[in-house]
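Q: Structure: input-v7.pdb, PDB, C-alpha atoms, pLDDT in the B column.
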ATOM      1  CA  ALA A 189      43.614 -23.433   6.609  1.00 59.00           C
ATOM      2  CA  LEU A 190      41.575 -25.663   4.329  1.00 63.00           C
ATOM      3  CA  SER A 191      42.349 -25.821   0.643  1.00 65.00           C
ATOM      4  CA  VAL A 192      40.325 -28.050  -1.657  1.00 70.00           C
ATOM      5  CA  ALA A 193      41.499 -28.464  -5.223  1.00 68.00           C
ATOM      6  CA  GLY A 194      38.388 -30.262  -6.422  1.00 73.00           C
ATOM      7  CA  THR A 195      34.994 -30.268  -4.740  1.00 77.00           C
ATOM      8  CA  LEU A 196      33.947 -30.081  -1.102  1.00 76.00           C
ATOM      9  CA  GLY A 197      31.053 -32.028   0.361  1.00 76.00           C
ATOM     10  CA  VAL A 198      30.011 -31.473   3.972  1.00 81.00           C
ATOM     11  CA  GLY A 199      27.535 -34.062   5.216  1.00 77.00           C
ATOM     12  CA  THR A 200      27.453 -35.719   1.807  1.00 76.00           C
ATOM     13  CA  SER A 201      29.654 -37.497  -0.697  1.00 71.00           C
ATOM     14  CA  SER A 202      27.299 -36.794  -3.588  1.00 75.00           C
ATOM     15  CA  ILE A 203      28.361 -33.657  -5.459  1.00 74.00           C
ATOM     16  CA  HIS A 204      26.151 -32.536  -8.321  1.00 71.00           C
ATOM     17  CA  THR A 205      27.679 -31.521 -11.657  1.00 72.00           C
ATOM     18  CA  GLY A 206      29.143 -28.006 -11.587  1.00 73.00           C
ATOM     19  CA  ALA A 207      29.188 -27.705  -7.791  1.00 73.00           C
ATOM     20  CA  LYS A 208      32.319 -26.715  -5.899  1.00 69.00           C
ATOM     21  CA  ALA A 209      30.849 -26.944  -2.399  1.00 75.00           C
ATOM     22  CA  VAL A 210      27.747 -28.704  -1.084  1.00 77.00           C
ATOM     23  CA  PHE A 211      26.565 -28.509   2.512  1.00 72.00           C
ATOM     24  CA  VAL A 212      23.896 -31.033   3.509  1.00 77.00           C
ATOM     25  CA  ASP A 213      22.077 -31.551   6.791  1.00 78.00           C
ATOM     26  CA  GLY A 214      19.978 -34.708   6.692  1.00 74.00           C
ATOM     27  CA  ALA A 215      19.119 -37.072   3.877  1.00 72.00           C
ATOM     28  CA  GLY A 216      16.871 -34.917   1.740  1.00 81.00           C
ATOM     29  CA  THR A 217      16.479 -35.091  -2.017  1.00 83.00           C
ATOM     30  CA  LEU A 218      18.387 -32.704  -4.240  1.00 80.00           C
ATOM     31  CA  PRO A 219      16.356 -31.444  -7.231  1.00 84.00           C
ATOM     32  CA  THR A 220      17.793 -31.016 -10.716  1.00 85.00           C
ATOM     33  CA  MET A 221      20.634 -28.523 -10.449  1.00 81.00           C
ATOM     34  CA  ALA A 222      22.301 -26.287 -13.035  1.00 84.00           C
ATOM     35  CA  ALA A 223      25.989 -26.261 -13.897  1.00 82.00           C
ATOM     36  CA  GLY A 224      26.295 -22.769 -12.439  1.00 84.00           C
ATOM     37  CA  ASP A 225      25.055 -23.810  -8.972  1.00 82.00           C
ATOM     38  CA  VAL A 226      28.569 -23.866  -7.514  1.00 82.00           C
ATOM     39  CA  LEU A 227      27.453 -23.489  -3.873  1.00 84.00           C
ATOM     40  CA  THR A 228      24.520 -25.456  -2.478  1.00 84.00           C
ATOM     41  CA  ILE A 229      23.081 -25.494   1.035  1.00 85.00           C
ATOM     42  CA  GLN A 230      20.594 -28.316   1.470  1.00 84.00           C
ATOM     43  CA  ASN A 231      18.329 -29.331   4.351  1.00 86.00           C
ATOM     44  CA  ASN A 232      15.075 -30.873   3.113  1.00 86.00           C
ATOM     45  CA  ASP A 233      14.886 -34.272   4.765  1.00 87.00           C
ATOM     46  CA  GLY A 234      11.539 -33.211   6.277  1.00 89.00           C
ATOM     47  CA  THR A 235       8.812 -31.057   4.732  1.00 90.00           C
ATOM     48  CA  SER A 236       9.238 -28.468   7.531  1.00 92.00           C
ATOM     49  CA  ASP A 237      13.048 -28.327   7.386  1.00 89.00           C
ATOM     50  CA  ASN A 238      14.688 -24.954   6.809  1.00 90.00           C
ATOM     51  CA  ALA A 239      17.855 -24.072   4.939  1.00 87.00           C
ATOM     52  CA  GLY A 240      19.538 -20.697   5.169  1.00 89.00           C
ATOM     53  CA  PHE A 241      22.641 -18.618   4.762  1.00 87.00           C
ATOM     54  CA  THR A 242      23.496 -16.262   7.624  1.00 91.00           C
ATOM     55  CA  ALA A 243      25.835 -13.271   7.444  1.00 93.00           C
ATOM     56  CA  ILE A 244      26.718 -11.841  10.882  1.00 94.00           C
ATOM     57  CA  ALA A 245      28.200  -8.329  10.860  1.00 97.00           C
ATOM     58  CA  GLY A 246      29.036  -5.703  13.456  1.00 97.00           C
ATOM     59  CA  THR A 247      26.363  -3.362  14.835  1.00 97.00           C
ATOM     60  CA  ALA A 248      27.809  -0.578  12.660  1.00 97.00           C
ATOM     61  CA  GLY A 249      28.706  -2.785   9.707  1.00 98.00           C
ATOM     62  CA  LEU A 250      27.061  -4.248   6.593  1.00 97.00           C
ATOM     63  CA  SER A 251      25.699  -7.682   5.772  1.00 97.00           C
ATOM     64  CA  TYR A 252      25.580  -8.138   2.014  1.00 96.00           C
ATOM     65  CA  ILE A 253      25.306 -10.401  -0.995  1.00 95.00           C
ATOM     66  CA  ASN A 254      27.025  -9.263  -4.179  1.00 95.00           C
ATOM     67  CA  PHE A 255      26.107 -10.164  -7.756  1.00 94.00           C
ATOM     68  CA  GLY A 256      29.116  -9.621  -9.989  1.00 95.00           C
ATOM     69  CA  ASP A 257      30.731 -10.373 -13.317  1.00 94.00           C
ATOM     70  CA  SER A 258      34.170 -10.082 -14.872  1.00 95.00           C
ATOM     71  CA  GLY A 259      33.830  -6.310 -15.138  1.00 95.00           C
ATOM     72  CA  ASP A 260      32.478  -5.503 -11.685  1.00 96.00           C
ATOM     73  CA  LYS A 261      32.383  -7.642  -8.562  1.00 94.00           C
ATOM     74  CA  ASN A 262      29.227  -5.931  -7.228  1.00 95.00           C
ATOM     75  CA  ILE A 263      27.265  -4.674 -10.241  1.00 95.00           C
ATOM     76  CA  GLY A 264      24.209  -5.767  -8.268  1.00 96.00           C
ATOM     77  CA  GLY A 265      23.575  -6.644  -4.670  1.00 97.00           C
ATOM     78  CA  ILE A 266      21.529  -6.692  -1.492  1.00 97.00           C
ATOM     79  CA  ILE A 267      22.864  -4.856   1.577  1.00 97.00           C
ATOM     80  CA  TYR A 268      21.611  -4.705   5.142  1.00 97.00           C
ATOM     81  CA  ASP A 269      23.008  -1.625   6.908  1.00 97.00           C
ATOM     82  CA  HIS A 270      23.183  -2.339  10.638  1.00 97.00           C
ATOM     83  CA  THR A 271      23.893   1.331  11.414  1.00 96.00           C
ATOM     84  CA  ASN A 272      20.328   2.411  10.560  1.00 94.00           C
ATOM     85  CA  ASN A 273      18.702  -1.029  10.026  1.00 96.00           C
ATOM     86  CA  SER A 274      17.851  -0.418   6.374  1.00 93.00           C
ATOM     87  CA  LEU A 275      17.706  -2.964   3.557  1.00 94.00           C
ATOM     88  CA  ASP A 276      19.064  -1.694   0.227  1.00 94.00           C
ATOM     89  CA  PHE A 277      18.879  -3.156  -3.279  1.00 94.00           C
ATOM     90  CA  TYR A 278      21.484  -2.327  -5.939  1.00 95.00           C
ATOM     91  CA  ALA A 279      21.332  -2.639  -9.741  1.00 95.00           C
ATOM     92  CA  ASN A 280      23.947  -1.449 -12.240  1.00 95.00           C
ATOM     93  CA  ALA A 281      26.237  -0.445  -9.364  1.00 94.00           C
ATOM     94  CA  ALA A 282      23.766   2.011  -7.801  1.00 92.00           C
ATOM     95  CA  GLU A 283      21.181   1.856  -5.039  1.00 91.00           C
ATOM     96  CA  ARG A 284      17.726   1.562  -6.630  1.00 88.00           C
ATOM     97  CA  MET A 285      15.433   0.688  -3.727  1.00 89.00           C
ATOM     98  CA  SER A 286      15.634   1.014   0.044  1.00 89.00           C
ATOM     99  CA  ILE A 287      13.457  -0.131   2.946  1.00 89.00           C
ATOM    100  CA  ASP A 288      14.095   1.832   6.141  1.00 87.00           C
ATOM    101  CA  SER A 289      13.782   0.604   9.720  1.00 89.00           C
ATOM    102  CA  SER A 290      10.117   1.706   9.871  1.00 84.00           C
ATOM    103  CA  GLY A 291       9.152  -0.252   6.746  1.00 83.00           C
ATOM    104  CA  ASN A 292       8.989   2.812   4.471  1.00 79.00           C
ATOM    105  CA  VAL A 293      10.041   2.050   0.880  1.00 81.00           C
ATOM    106  CA  GLY A 294      11.979   4.352  -1.437  1.00 78.00           C
ATOM    107  CA  ILE A 295      12.347   3.511  -5.147  1.00 77.00           C
ATOM    108  CA  GLY A 296      14.800   5.600  -7.160  1.00 75.00           C
ATOM    109  CA  THR A 297      15.769   7.558  -4.029  1.00 69.00           C
ATOM    110  CA  THR A 298      18.404   6.685  -1.434  1.00 66.00           C
ATOM    111  CA  THR A 299      16.586   8.419   1.432  1.00 64.00           C
ATOM    112  CA  ASN A 300      12.870   8.467   2.189  1.00 56.00           C
ATOM    113  CA  THR A 301      12.898  11.781   4.064  1.00 56.00           C
ATOM    114  CA  ILE A 302       9.165  12.521   4.088  1.00 51.00           C
ATOM    115  CA  GLY A 303       8.121   9.460   6.085  1.00 54.00           C
ATOM    116  CA  ALA A 304       5.941   8.107   3.280  1.00 54.00           C
ATOM    117  CA  MET A 305       5.138   4.416   3.191  1.00 57.00           C
ATOM    118  CA  LEU A 306       6.267   4.423  -0.442  1.00 60.00           C
ATOM    119  CA  GLU A 307       8.270   7.103  -2.238  1.00 61.00           C
ATOM    120  CA  THR A 308       9.382   6.943  -5.873  1.00 63.00           C
ATOM    121  CA  TYR A 309      11.783   9.358  -7.515  1.00 59.00           C
ATOM    122  CA  HIS A 310      13.427   9.998 -10.855  1.00 58.00           C
ATOM    123  CA  ALA A 311      15.877  12.863 -11.220  1.00 54.00           C
ATOM    124  CA  THR A 312      15.475  13.644 -14.926  1.00 57.00           C
ATOM    125  CA  ASP A 313      12.351  12.033 -16.417  1.00 56.00           C
ATOM    126  CA  ASN A 314       9.186  13.971 -15.518  1.00 55.00           C
ATOM    127  CA  THR A 315       6.790  11.473 -17.097  1.00 57.00           C
ATOM    128  CA  LYS A 316       7.446   8.426 -14.917  1.00 62.00           C
ATOM    129  CA  HIS A 317       4.338   6.469 -14.008  1.00 66.00           C
ATOM    130  CA  TRP A 318       2.956   3.328 -12.463  1.00 71.00           C
ATOM    131  CA  ARG A 319       0.875   1.009 -14.592  1.00 70.00           C
ATOM    132  CA  ILE A 320      -2.089  -0.956 -13.245  1.00 70.00           C
ATOM    133  CA  HIS A 321      -2.976  -3.510 -15.863  1.00 67.00           C
ATOM    134  CA  ARG A 322      -5.358  -6.413 -16.376  1.00 69.00           C
ATOM    135  CA  PRO A 323      -4.576  -7.588 -19.938  1.00 65.00           C
ATOM    136  CA  GLY A 324      -7.371  -7.102 -22.419  1.00 66.00           C
ATOM    137  CA  THR A 325      -9.787  -5.733 -19.820  1.00 69.00           C
ATOM    138  CA  ALA A 326      -8.593  -2.657 -17.930  1.00 68.00           C
ATOM    139  CA  GLU A 327      -5.510  -0.488 -17.947  1.00 68.00           C
ATOM    140  CA  PHE A 328      -4.699   2.584 -15.878  1.00 74.00           C
ATOM    141  CA  GLY A 329      -1.653   4.638 -15.017  1.00 75.00           C
ATOM    142  CA  ILE A 330      -0.715   7.104 -12.312  1.00 78.00           C
ATOM    143  CA  GLY A 331       2.298   9.372 -12.427  1.00 76.00           C
ATOM    144  CA  ILE A 332       3.841  12.811 -12.827  1.00 76.00           C
ATOM    145  CA  VAL A 333       3.673  15.024 -15.914  1.00 76.00           C
ATOM    146  CA  GLY A 334       5.708  18.190 -15.397  1.00 75.00           C
ATOM    147  CA  ASP A 335       4.229  19.770 -12.255  1.00 79.00           C
ATOM    148  CA  HIS A 336       0.964  17.776 -12.463  1.00 79.00           C
ATOM    149  CA  PHE A 337      -0.167  14.495 -10.921  1.00 80.00           C
ATOM    150  CA  HIS A 338      -1.980  12.438 -13.567  1.00 79.00           C
ATOM    151  CA  ILE A 339      -4.425   9.530 -13.388  1.00 81.00           C
ATOM    152  CA  SER A 340      -4.796   8.144 -16.893  1.00 78.00           C
ATOM    153  CA  ASP A 341      -6.933   5.538 -18.603  1.00 71.00           C
ATOM    154  CA  GLY A 342      -6.209   3.014 -21.333  1.00 60.00           C
ATOM    155  CA  GLY A 343      -3.016   3.698 -23.258  1.00 60.00           C
ATOM    156  CA  ASN A 344      -3.055   7.380 -22.327  1.00 59.00           C
ATOM    157  CA  PHE A 345      -0.261   7.132 -19.818  1.00 59.00           C
ATOM    158  CA  PRO A 346       1.158  10.297 -18.266  1.00 55.00           C
ATOM    159  CA  GLY A 347       2.245  12.676 -21.001  1.00 55.00           C
ATOM    160  CA  ALA A 348       0.523  10.723 -23.795  1.00 55.00           C
ATOM    161  CA  SER A 349      -2.650  12.840 -23.994  1.00 61.00           C
ATOM    162  CA  GLU A 350      -4.923  15.211 -22.099  1.00 64.00           C
ATOM    163  CA  LYS A 351      -7.272  12.382 -21.081  1.00 76.00           C
ATOM    164  CA  GLY A 352      -7.669  11.541 -17.414  1.00 82.00           C
ATOM    165  CA  ILE A 353      -7.485  13.583 -14.219  1.00 86.00           C
ATOM    166  CA  TYR A 354      -4.769  16.140 -13.530  1.00 86.00           C
ATOM    167  CA  MET A 355      -3.911  17.878 -10.248  1.00 88.00           C
ATOM    168  CA  LYS A 356      -1.521  20.818 -10.383  1.00 88.00           C
ATOM    169  CA  PHE A 357       1.250  20.736  -7.789  1.00 86.00           C
ATOM    170  CA  ASN A 358       0.858  22.932  -4.712  1.00 89.00           C
ATOM    171  CA  THR A 359      -2.347  24.614  -5.965  1.00 91.00           C
ATOM    172  CA  GLY A 360      -5.208  22.159  -5.465  1.00 88.00           C
ATOM    173  CA  LEU A 361      -6.392  22.838  -9.026  1.00 93.00           C
ATOM    174  CA  VAL A 362      -7.926  19.755 -10.668  1.00 93.00           C
ATOM    175  CA  GLY A 363      -8.516  19.167 -14.361  1.00 89.00           C
ATOM    176  CA  ILE A 364     -10.639  16.482 -15.991  1.00 89.00           C
ATOM    177  CA  HIS A 365      -9.454  15.952 -19.586  1.00 86.00           C
ATOM    178  CA  GLN A 366      -7.608  19.237 -18.969  1.00 85.00           C
ATOM    179  CA  ASN A 367      -3.850  18.941 -18.468  1.00 82.00           C
ATOM    180  CA  SER A 368      -3.374  22.534 -17.299  1.00 85.00           C
ATOM    181  CA  PRO A 369      -6.282  23.364 -14.949  1.00 89.00           C
ATOM    182  CA  GLN A 370      -6.898  27.044 -14.176  1.00 92.00           C
ATOM    183  CA  TYR A 371      -9.715  26.565 -11.652  1.00 92.00           C
ATOM    184  CA  THR A 372     -10.424  24.402  -8.599  1.00 92.00           C
ATOM    185  CA  LEU A 373     -12.292  22.129 -11.007  1.00 92.00           C
ATOM    186  CA  ASP A 374     -11.571  22.597 -14.702  1.00 92.00           C
ATOM    187  CA  VAL A 375     -13.466  20.249 -17.034  1.00 91.00           C
ATOM    188  CA  ASP A 376     -13.026  19.874 -20.777  1.00 89.00           C
ATOM    189  CA  GLY A 377     -16.182  18.054 -21.877  1.00 88.00           C
ATOM    190  CA  ASP A 378     -19.821  17.531 -20.973  1.00 90.00           C
ATOM    191  CA  ILE A 379     -21.000  17.378 -17.344  1.00 87.00           C
ATOM    192  CA  ASN A 380     -23.910  15.305 -16.112  1.00 86.00           C
ATOM    193  CA  PHE A 381     -24.994  15.118 -12.480  1.00 83.00           C
ATOM    194  CA  THR A 382     -27.904  13.866 -10.418  1.00 84.00           C
ATOM    195  CA  GLY A 383     -28.714  15.723  -7.242  1.00 83.00           C
ATOM    196  CA  THR A 384     -28.591  19.300  -6.019  1.00 84.00           C
ATOM    197  CA  LEU A 385     -26.206  21.969  -7.248  1.00 82.00           C
ATOM    198  CA  ARG A 386     -25.073  24.035  -4.264  1.00 81.00           C
ATOM    199  CA  GLU A 387     -23.279  27.340  -3.785  1.00 78.00           C
ATOM    200  CA  ASP A 388     -21.573  27.905  -0.423  1.00 80.00           C
ATOM    201  CA  GLY A 389     -23.596  25.025   1.016  1.00 83.00           C
ATOM    202  CA  SER A 390     -26.970  26.298  -0.129  1.00 84.00           C
ATOM    203  CA  GLU A 391     -29.033  25.080  -3.044  1.00 82.00           C
ATOM    204  CA  PHE A 392     -28.139  27.126  -6.092  1.00 77.00           C
ATOM    205  CA  SER A 393     -30.990  29.048  -7.659  1.00 70.00           C
ATOM    206  CA  GLY A 394     -29.198  31.520  -9.835  1.00 61.00           C
ATOM    207  CA  GLY A 395     -31.493  30.903 -12.753  1.00 57.00           C
ATOM    208  CA  ILE A 396     -28.765  29.880 -15.204  1.00 55.00           C
ATOM    209  CA  SER A 397     -30.217  28.754 -18.490  1.00 49.00           C
ATOM    210  CA  ILE A 398     -29.232  25.640 -20.352  1.00 48.00           C
ATOM    211  CA  ALA A 399     -27.626  27.824 -22.997  1.00 47.00           C
ATOM    212  CA  GLU A 400     -25.412  29.427 -20.332  1.00 48.00           C
ATOM    213  CA  VAL A 401     -24.401  26.098 -18.815  1.00 50.00           C
ATOM    214  CA  ILE A 402     -23.427  24.413 -22.112  1.00 47.00           C
ATOM    215  CA  VAL A 403     -20.424  26.287 -23.451  1.00 45.00           C
TER     216      VAL A 403
END
Mind converting the file's structure to structure tokens?
A:
Amino acid sequence: ALSVAGTLGVGTSSIHTGAKAVFVDGAGTLPTMAAGDVLTIQNNDGTSDNAGFTAIAGTAGLSYINFGDSGDKNIGGIIYDHTNNSLDFYANAAERMSIDSSGNVGIGTTTNTIGAMLETYHATDNTKHWRIHRPGTAEFGIGIVGDHFHISDGGNFPGASEKGIYMKFNTGLVGIHQNSPQYTLDVDGDINFTGTLREDGSEFSGGISIAEVIV
């Protein structure tokens, strides 16, 4: 057994402030370190040198890194499950994201059962959304509002207003500026188009007047 009361240097006698153990391969340069960097693995003598930490587990075991504090030793962490070859990320003592063996990603769900490349889930909040943002220029959001899928513009993120495009779950009904569509295409606002209006594939000639179209 090896017990070191002070600091341990392997391959080096130079221990930076705050370190308890330093492992060095070669004569590389150590950058400025912080007092909390208690374990350092260094191999940068050459520009193509690699440095790594390897955790070898059983074929049915776990390889993991824990992030803890005085109240919980693994309040956060990264786990590789060798049973199903998944990579899981934990925050606040719960699994928040998982990548399965096929590369499918689940966020907010522990199992991606539908085979989607990316699945997001939230058990209680029905207005979760993704934000696509270029500051000061363009801003969009996509997400779920109740039983509708919503593509929104500007600050009108899901649930904020009726603006945008809505698709009602399991019906195929689509609304534009209409958050509760009742028809295959339900539009609240003016419509302008260039081209031919068709009915069942044929050019429409029903003789509808402008007064009948604008309602």
Q: Let me make sure I understand: among A:Gly216, A:His338, A:Leu385, A:Leu250, which one has the smallest atom-to-atom distance to Pro369 of chain A if we use all atoms listed in the file?
A: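 Nearest to Pro369 of chain A: A:His338.
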Q: Using all atoms listed in the file, determine which residues lie at most 8 Å from Val375 of chain A, disregarding the query and same-chain residues fewer than 4 positions distant; provide the list as a short mmCIF file (atom, residue, chain, number, x, y, z; two decimals) with C-alpha atoms, keeping the file's coordinate frame.
A:
data_model
loop_
_atom_site.label_atom_id
_atom_site.label_comp_id
_atom_site.auth_asym_id
_atom_site.auth_seq_id
_atom_site.Cartn_x
_atom_site.Cartn_y
_atom_site.Cartn_z
CA GLY A 363 -8.52 19.17 -14.36
CA ILE A 364 -10.64 16.48 -15.99
CA HIS A 365 -9.45 15.95 -19.59
CA GLN A 366 -7.61 19.24 -18.97
#
Q: Would you please work out which residue, of A:Thr372, A:Asn232, A:Ser286, A:Thr247, is nearest to Ile267 of chain A when using only C-alpha atoms?
A: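 Answer, going by the shortest atom-to-atom distance: A:Ser286.
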Q: Just give me the gap between atom CA of Val192 of chain A and atom CA of Leu227 of chain A in Å, one decimal is fine.
A: 13.8 Å
Q: Taking (-4.7, 8.3, -14.2) as a centre in this file's frame and 6 Å as the limit, can you find every polymer residue with an atom that close, using all atoms listed in the file, and give them as a PDB file with C-alpha atoms, keeping the file's coordinate frame?
A:
ATOM      1  CA  PHE A 328      -4.699   2.584 -15.878  1.00 74.00           C
ATOM      2  CA  GLY A 329      -1.653   4.638 -15.017  1.00 75.00           C
ATOM      3  CA  ILE A 330      -0.715   7.104 -12.312  1.00 78.00           C
ATOM      4  CA  HIS A 338      -1.980  12.438 -13.567  1.00 79.00           C
ATOM      5  CA  ILE A 339      -4.425   9.530 -13.388  1.00 81.00           C
ATOM      6  CA  SER A 340      -4.796   8.144 -16.893  1.00 78.00           C
ATOM      7  CA  ASP A 341      -6.933   5.538 -18.603  1.00 71.00           C
ATOM      8  CA  GLY A 352      -7.669  11.541 -17.414  1.00 82.00           C
ATOM      9  CA  ILE A 353      -7.485  13.583 -14.219  1.00 86.00           C
TER      10      ILE A 353
END
Q: So how many Å separate atom CA of Ala222 of chain A and atom CA of Ile203 of chain A, to one decimal?
A: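 Computed distance, atom CA of Ala222 of chain A to atom CA of Ile203 of chain A, equals 12.2 Å.
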Q: To one decimal place in Å, what is the distance between atom CA of Gly214 of chain A and atom CA of Asn254 of chain A?
A: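 Going from atom CA of Gly214 of chain A over to atom CA of Asn254 of chain A, I get 28.6 Å.
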Q: Pick out the closest residue to Gly234 of chain A from this set: A:Ala215, A:Ile253, A:Ile263, A:Ile320. Count only C-alpha atoms.
A: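 Among the listed residues, the smallest separation from Gly234 of chain A belongs to A:Ala215.
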Q: Name the residues that the PyMOL selection byres ((chain A and resi 199) around 7) pulls out of this structure, and write them as a short mmCIF file (atom, residue, chain, number, x, y, z; two decimals) with C-alpha atoms, in the frame of the given file.
A:
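Dumped to selection_7.cif:
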data_model
loop_
_atom_site.label_atom_id
_atom_site.label_comp_id
_atom_site.auth_asym_id
_atom_site.auth_seq_id
_atom_site.Cartn_x
_atom_site.Cartn_y
_atom_site.Cartn_z
CA GLY A 197 31.05 -32.03 0.36
CA VAL A 198 30.01 -31.47 3.97
CA THR A 200 27.45 -35.72 1.81
CA PHE A 211 26.56 -28.51 2.51
CA VAL A 212 23.90 -31.03 3.51
CA ASP A 213 22.08 -31.55 6.79
#
Q: I'd like to know which of A:Ile332, A:Ala243, A:Ala207, A:Ile379 is closest to Thr228 of chain A, using only C-alpha atoms.
A: A:Ala207
Q: Is there a way to complete segment 350-368 of chain A with N, CA, C and O atoms and then write that out as an mmCIF file, keeping the file's coordinate frame?
A:
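Output file rebuild.cif follows:
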data_model
loop_
_atom_site.group_PDB
_atom_site.id
_atom_site.type_symbol
_atom_site.label_atom_id
_atom_site.label_comp_id
_atom_site.auth_asym_id
_atom_site.auth_seq_id
_atom_site.Cartn_x
_atom_site.Cartn_y
_atom_site.Cartn_z
ATOM 1 N N GLU A 350 -4.281 14.415 -23.132
ATOM 2 C CA GLU A 350 -4.923 15.211 -22.099
ATOM 3 C C GLU A 350 -5.974 14.415 -21.341
ATOM 4 O O GLU A 350 -6.593 14.936 -20.410
ATOM 5 N N LYS A 351 -6.237 13.163 -21.733
ATOM 6 C CA LYS A 351 -7.272 12.382 -21.081
ATOM 7 C C LYS A 351 -6.880 12.050 -19.641
ATOM 8 O O LYS A 351 -5.719 11.912 -19.313
ATOM 9 N N GLY A 352 -7.918 11.903 -18.796
ATOM 10 C CA GLY A 352 -7.669 11.541 -17.414
ATOM 11 C C GLY A 352 -7.873 12.703 -16.473
ATOM 12 O O GLY A 352 -8.488 13.720 -16.807
ATOM 13 N N ILE A 353 -7.349 12.575 -15.273
ATOM 14 C CA ILE A 353 -7.485 13.583 -14.219
ATOM 15 C C ILE A 353 -6.109 14.143 -13.887
ATOM 16 O O ILE A 353 -5.159 13.387 -13.678
ATOM 17 N N TYR A 354 -6.020 15.457 -13.848
ATOM 18 C CA TYR A 354 -4.769 16.140 -13.530
ATOM 19 C C TYR A 354 -4.943 16.976 -12.264
ATOM 20 O O TYR A 354 -5.979 17.622 -12.074
ATOM 21 N N MET A 355 -3.943 16.985 -11.396
ATOM 22 C CA MET A 355 -3.911 17.878 -10.248
ATOM 23 C C MET A 355 -2.601 18.654 -10.283
ATOM 24 O O MET A 355 -1.517 18.058 -10.331
ATOM 25 N N LYS A 356 -2.701 19.969 -10.290
ATOM 26 C CA LYS A 356 -1.521 20.818 -10.383
ATOM 27 C C LYS A 356 -0.846 20.934 -9.028
ATOM 28 O O LYS A 356 -1.494 21.190 -8.010
ATOM 29 N N PHE A 357 0.466 20.751 -9.014
ATOM 30 C CA PHE A 357 1.250 20.736 -7.789
ATOM 31 C C PHE A 357 1.096 22.018 -6.978
ATOM 32 O O PHE A 357 1.164 23.124 -7.507
ATOM 33 N N ASN A 358 0.847 21.845 -5.688
ATOM 34 C CA ASN A 358 0.858 22.932 -4.712
ATOM 35 C C ASN A 358 -0.215 23.987 -4.961
ATOM 36 O O ASN A 358 -0.086 25.124 -4.502
ATOM 37 N N THR A 359 -1.282 23.645 -5.698
ATOM 38 C CA THR A 359 -2.347 24.614 -5.965
ATOM 39 C C THR A 359 -3.729 24.067 -5.617
ATOM 40 O O THR A 359 -4.640 24.845 -5.334
ATOM 41 N N GLY A 360 -3.900 22.751 -5.676
ATOM 42 C CA GLY A 360 -5.208 22.159 -5.465
ATOM 43 C C GLY A 360 -6.106 22.229 -6.678
ATOM 44 O O GLY A 360 -7.271 21.823 -6.618
ATOM 45 N N LEU A 361 -5.606 22.753 -7.799
ATOM 46 C CA LEU A 361 -6.392 22.838 -9.026
ATOM 47 C C LEU A 361 -6.475 21.466 -9.678
ATOM 48 O O LEU A 361 -5.466 20.770 -9.823
ATOM 49 N N VAL A 362 -7.698 21.076 -10.084
ATOM 50 C CA VAL A 362 -7.926 19.755 -10.668
ATOM 51 C C VAL A 362 -8.526 19.904 -12.054
ATOM 52 O O VAL A 362 -9.465 20.691 -12.261
ATOM 53 N N GLY A 363 -7.988 19.171 -13.003
ATOM 54 C CA GLY A 363 -8.516 19.167 -14.361
ATOM 55 C C GLY A 363 -8.984 17.790 -14.768
ATOM 56 O O GLY A 363 -8.323 16.793 -14.473
ATOM 57 N N ILE A 364 -10.147 17.726 -15.412
ATOM 58 C CA ILE A 364 -10.639 16.482 -15.991
ATOM 59 C C ILE A 364 -10.594 16.633 -17.501
ATOM 60 O O ILE A 364 -11.247 17.517 -18.072
ATOM 61 N N HIS A 365 -9.766 15.811 -18.152
ATOM 62 C CA HIS A 365 -9.454 15.952 -19.586
ATOM 63 C C HIS A 365 -8.873 17.345 -19.854
ATOM 64 O O HIS A 365 -9.002 17.873 -20.959
ATOM 65 N N GLN A 366 -8.218 17.911 -18.864
ATOM 66 C CA GLN A 366 -7.608 19.237 -18.969
ATOM 67 C C GLN A 366 -6.263 19.164 -18.250
ATOM 68 O O GLN A 366 -6.194 19.060 -17.028
ATOM 69 N N ASN A 367 -5.166 19.178 -19.055
ATOM 70 C CA ASN A 367 -3.850 18.941 -18.468
ATOM 71 C C ASN A 367 -3.197 20.181 -17.884
ATOM 72 O O ASN A 367 -2.082 20.118 -17.382
ATOM 73 N N SER A 368 -3.900 21.318 -17.926
ATOM 74 C CA SER A 368 -3.374 22.534 -17.299
ATOM 75 C C SER A 368 -4.535 23.298 -16.652
ATOM 76 O O SER A 368 -4.953 24.350 -17.136
#
